[in-house]
Amino acid sequence: MAARIVVACGSGVATSEMVALKIGRLLRDAGVDAEVHAVEMAELDDALEDADVFVPVVRTDEEYDVPVVNGVAFLTGMNQDEEFAKLLDLIRFA
């Protein structure tokens with residue numbers, strides 16, 4: 001079964017969609033089967049119910065029941081390699 005990754009930003013439109021597409025491309029390039037979904041923060045609780053990893057593109061101090069990877073890294077490119085390696089490690093054990 002494919003890992004399920006949820007990407008969220010405030011509106012769930014531009015930023016989370018862009019980051020979700022980028023993560024999806026990186027995963028495909030790495031030969032990893034995963035579902036990447038972009039949502040707005042208002043839909044987050046429902047979206048995280050069956051998620052393996054959460055990638056927020058907004059600052060959040062809240063704690064979640066799923067592992068979190070820094071989504072800003074995929075937006076800016078800064079520390080992207082480290083966060084992608086963390087994401088890969090998390091979904092390999094999902």
# chains A, B, ... in the order shown; residues from 1 in each chain; ligands from 1

call {"tool": "select_by_dssp", "arguments": {"residues": "segment 36-89 of chain A", "states": "alpha helix (DSSP H)", "output": "count of residues only"}}
result
19

call {"tool": "residues_around", "arguments": {"residues": "Leu44 of chain A", "least_positions_apart": "4", "cutoff": "10 Å", "atoms": "only C-alpha atoms", "output": "PyMOL selection string"}}
result
chain A and resi 6-9+12+38-40+48-49+54+56

call {"tool": "write_last_selection", "arguments": {"atoms": "N, CA and C atoms", "output": "CSV table (one decimal), in the first residue's frame"}}
result
chain,number,residue,atom,x,y,z
A,6,VAL,N,0.2,14.2,3.6
A,6,VAL,CA,-0.7,15.4,3.6
A,6,VAL,C,0.1,16.6,3.7
A,7,VAL,N,-0.1,17.5,2.7
A,7,VAL,CA,0.6,18.8,2.7
A,7,VAL,C,-0.5,19.9,2.9
A,8,ALA,N,-0.2,20.8,3.9
A,8,ALA,CA,-1.3,21.8,4.2
A,8,ALA,C,-0.7,23.2,4.3
A,9,CYS,N,-1.5,24.2,3.8
A,9,CYS,CA,-1.2,25.6,4.0
A,9,CYS,C,-2.5,26.3,4.4
A,12,GLY,N,-4.9,26.1,1.2
A,12,GLY,CA,-4.9,24.8,0.5
A,12,GLY,C,-4.9,24.9,-1.0
A,38,ALA,N,-2.9,17.8,-1.1
A,38,ALA,CA,-2.8,19.2,-0.6
A,38,ALA,C,-4.2,19.5,0.0
A,39,VAL,N,-4.1,20.1,1.2
A,39,VAL,CA,-5.4,20.5,1.9
A,39,VAL,C,-5.2,21.8,2.5
A,40,GLU,N,-6.3,22.5,2.9
A,40,GLU,CA,-6.2,23.7,3.7
A,40,GLU,C,-6.2,23.3,5.2
A,48,LEU,N,-5.7,14.1,8.2
A,48,LEU,CA,-4.6,13.4,8.9
A,48,LEU,C,-5.1,12.0,9.5
A,49,GLU,N,-6.4,11.7,9.4
A,49,GLU,CA,-6.9,10.5,10.0
A,49,GLU,C,-6.1,9.2,9.5
A,54,PHE,N,2.8,14.3,7.8
A,54,PHE,CA,2.2,15.6,7.6
A,54,PHE,C,3.3,16.6,7.2
A,56,PRO,N,3.5,20.5,6.8
A,56,PRO,CA,2.9,21.8,6.9
A,56,PRO,C,3.8,22.8,6.2

call {"tool": "closest_residue", "arguments": {"among": "A:Val57, A:Leu87, A:Arg25, A:Met18", "to": "Met41 of chain A", "atoms": "only C-alpha atoms"}}
result
A:Val57

call {"tool": "atom_distance", "arguments": {"atom1": "atom CA of Gly71 of chain A", "atom2": "atom CA of Asp89 of chain A"}}
result
15.7 Å

call {"tool": "atom_distance", "arguments": {"atom1": "atom CA of Ala2 of chain A", "atom2": "atom CA of Glu35 of chain A"}}
result
6.4 Å

call {"tool": "residues_around", "arguments": {"residues": "His37 of chain A", "least_positions_apart": "5", "cutoff": "9 Å", "atoms": "only C-alpha atoms", "output": "NGL selection string"}}
result
:A and (4-8 or 16-17 or 20-21 or 47)

call {"tool": "closest_residue", "arguments": {"among": "A:Leu27, A:Ala3, A:Val19, A:Val32", "to": "Val55 of chain A", "atoms": "only C-alpha atoms"}}
result
A:Val19

call {"tool": "residues_around", "arguments": {"residues": "Glu82 of chain A", "least_positions_apart": "6", "cutoff": "10 Å", "atoms": "only C-alpha atoms", "output": "PyMOL selection string"}}
result
chain A and resi 69-70+73+88

call {"tool": "closest_residue", "arguments": {"among": "A:Ala42, A:Met1, A:Ile91, A:Ala14", "to": "Val68 of chain A", "atoms": "only C-alpha atoms"}}
result
A:Ile91

call {"tool": "select_by_dssp", "arguments": {"residues": "chain A", "states": "strand (DSSP E or B)", "output": "list in words"}}
result
Ala3, Arg4, Ile5, Val6, Val7, Ala8, Cys9, Ala34, Glu35, Val36, His37, Ala38, Val39, Glu40, Val53, Phe54, Val55, Pro56 and Val68 of chain A

call {"tool": "atom_distance", "arguments": {"atom1": "atom CA of Ala51 of chain A", "atom2": "atom CA of Thr76 of chain A"}}
result
23.8 Å

call {"tool": "decode", "arguments": {"residues": "segment 12-39 of chain A", "atoms": "N, CA and C atoms", "output": "mmCIF file, in the first residue's frame"}}
result
data_model
loop_
_atom_site.group_PDB
_atom_site.id
_atom_site.type_symbol
_atom_site.label_atom_id
_atom_site.label_comp_id
_atom_site.auth_asym_id
_atom_site.auth_seq_id
_atom_site.Cartn_x
_atom_site.Cartn_y
_atom_site.Cartn_z
ATOM 1 N N GLY A 12 -4.894 26.056 1.173
ATOM 2 C CA GLY A 12 -4.942 24.776 0.477
ATOM 3 C C GLY A 12 -4.946 24.912 -1.025
ATOM 4 N N VAL A 13 -4.576 26.076 -1.526
ATOM 5 C CA VAL A 13 -4.629 26.295 -2.965
ATOM 6 C C VAL A 13 -3.226 26.352 -3.544
ATOM 7 N N ALA A 14 -2.618 27.509 -3.571
ATOM 8 C CA ALA A 14 -1.373 27.685 -4.305
ATOM 9 C C ALA A 14 -0.163 27.021 -3.648
ATOM 10 N N THR A 15 0.133 27.399 -2.429
ATOM 11 C CA THR A 15 1.379 26.942 -1.804
ATOM 12 C C THR A 15 1.382 25.447 -1.537
ATOM 13 N N SER A 16 0.332 24.929 -0.938
ATOM 14 C CA SER A 16 0.322 23.499 -0.631
ATOM 15 C C SER A 16 0.279 22.665 -1.911
ATOM 16 N N GLU A 17 -0.434 23.144 -2.924
ATOM 17 C CA GLU A 17 -0.469 22.431 -4.207
ATOM 18 C C GLU A 17 0.923 22.375 -4.832
ATOM 19 N N MET A 18 1.637 23.498 -4.802
ATOM 20 C CA MET A 18 2.974 23.555 -5.378
ATOM 21 C C MET A 18 3.923 22.604 -4.644
ATOM 22 N N VAL A 19 3.875 22.628 -3.320
ATOM 23 C CA VAL A 19 4.741 21.754 -2.528
ATOM 24 C C VAL A 19 4.345 20.288 -2.732
ATOM 25 N N ALA A 20 3.061 19.994 -2.789
ATOM 26 C CA ALA A 20 2.605 18.616 -3.008
ATOM 27 C C ALA A 20 3.086 18.097 -4.358
ATOM 28 N N LEU A 21 3.001 18.922 -5.397
ATOM 29 C CA LEU A 21 3.494 18.511 -6.719
ATOM 30 C C LEU A 21 4.991 18.257 -6.701
ATOM 31 N N LYS A 22 5.725 19.120 -6.013
ATOM 32 C CA LYS A 22 7.183 18.961 -5.933
ATOM 33 C C LYS A 22 7.546 17.681 -5.188
ATOM 34 N N ILE A 23 6.890 17.430 -4.068
ATOM 35 C CA ILE A 23 7.161 16.213 -3.301
ATOM 36 C C ILE A 23 6.794 14.989 -4.131
ATOM 37 N N GLY A 24 5.666 15.036 -4.817
ATOM 38 C CA GLY A 24 5.267 13.920 -5.674
ATOM 39 C C GLY A 24 6.299 13.623 -6.747
ATOM 40 N N ARG A 25 6.827 14.680 -7.363
ATOM 41 C CA ARG A 25 7.856 14.503 -8.397
ATOM 42 C C ARG A 25 9.133 13.906 -7.803
ATOM 43 N N LEU A 26 9.551 14.416 -6.653
ATOM 44 C CA LEU A 26 10.752 13.887 -5.997
ATOM 45 C C LEU A 26 10.578 12.410 -5.637
ATOM 46 N N LEU A 27 9.397 12.060 -5.156
ATOM 47 C CA LEU A 27 9.131 10.667 -4.796
ATOM 48 C C LEU A 27 9.139 9.769 -6.029
ATOM 49 N N ARG A 28 8.507 10.222 -7.117
ATOM 50 C CA ARG A 28 8.516 9.437 -8.361
ATOM 51 C C ARG A 28 9.937 9.242 -8.864
ATOM 52 N N ASP A 29 10.728 10.322 -8.823
ATOM 53 C CA ASP A 29 12.126 10.242 -9.264
ATOM 54 C C ASP A 29 12.933 9.266 -8.419
ATOM 55 N N ALA A 30 12.540 9.127 -7.156
ATOM 56 C CA ALA A 30 13.219 8.200 -6.243
ATOM 57 C C ALA A 30 12.623 6.795 -6.319
ATOM 58 N N GLY A 31 11.599 6.612 -7.160
ATOM 59 C CA GLY A 31 10.979 5.296 -7.306
ATOM 60 C C GLY A 31 10.086 4.902 -6.146
ATOM 61 N N VAL A 32 9.531 5.900 -5.454
ATOM 62 C CA VAL A 32 8.707 5.647 -4.278
ATOM 63 C C VAL A 32 7.235 5.844 -4.629
ATOM 64 N N ASP A 33 6.410 4.864 -4.271
ATOM 65 C CA ASP A 33 4.973 4.931 -4.500
ATOM 66 C C ASP A 33 4.319 5.588 -3.294
ATOM 67 N N ALA A 34 3.716 6.767 -3.512
ATOM 68 C CA ALA A 34 3.058 7.477 -2.421
ATOM 69 C C ALA A 34 1.956 8.361 -2.975
ATOM 70 N N GLU A 35 0.960 8.611 -2.139
ATOM 71 C CA GLU A 35 -0.110 9.551 -2.469
ATOM 72 C C GLU A 35 0.183 10.843 -1.722
ATOM 73 N N VAL A 36 0.181 11.957 -2.447
ATOM 74 C CA VAL A 36 0.444 13.256 -1.834
ATOM 75 C C VAL A 36 -0.797 14.123 -2.035
ATOM 76 N N HIS A 37 -1.377 14.595 -0.929
ATOM 77 C CA HIS A 37 -2.611 15.370 -0.979
ATOM 78 C C HIS A 37 -2.396 16.756 -0.387
ATOM 79 N N ALA A 38 -2.854 17.780 -1.090
ATOM 80 C CA ALA A 38 -2.807 19.157 -0.593
ATOM 81 C C ALA A 38 -4.161 19.517 -0.004
ATOM 82 N N VAL A 39 -4.147 20.089 1.192
ATOM 83 C CA VAL A 39 -5.385 20.502 1.857
ATOM 84 C C VAL A 39 -5.167 21.845 2.536
#
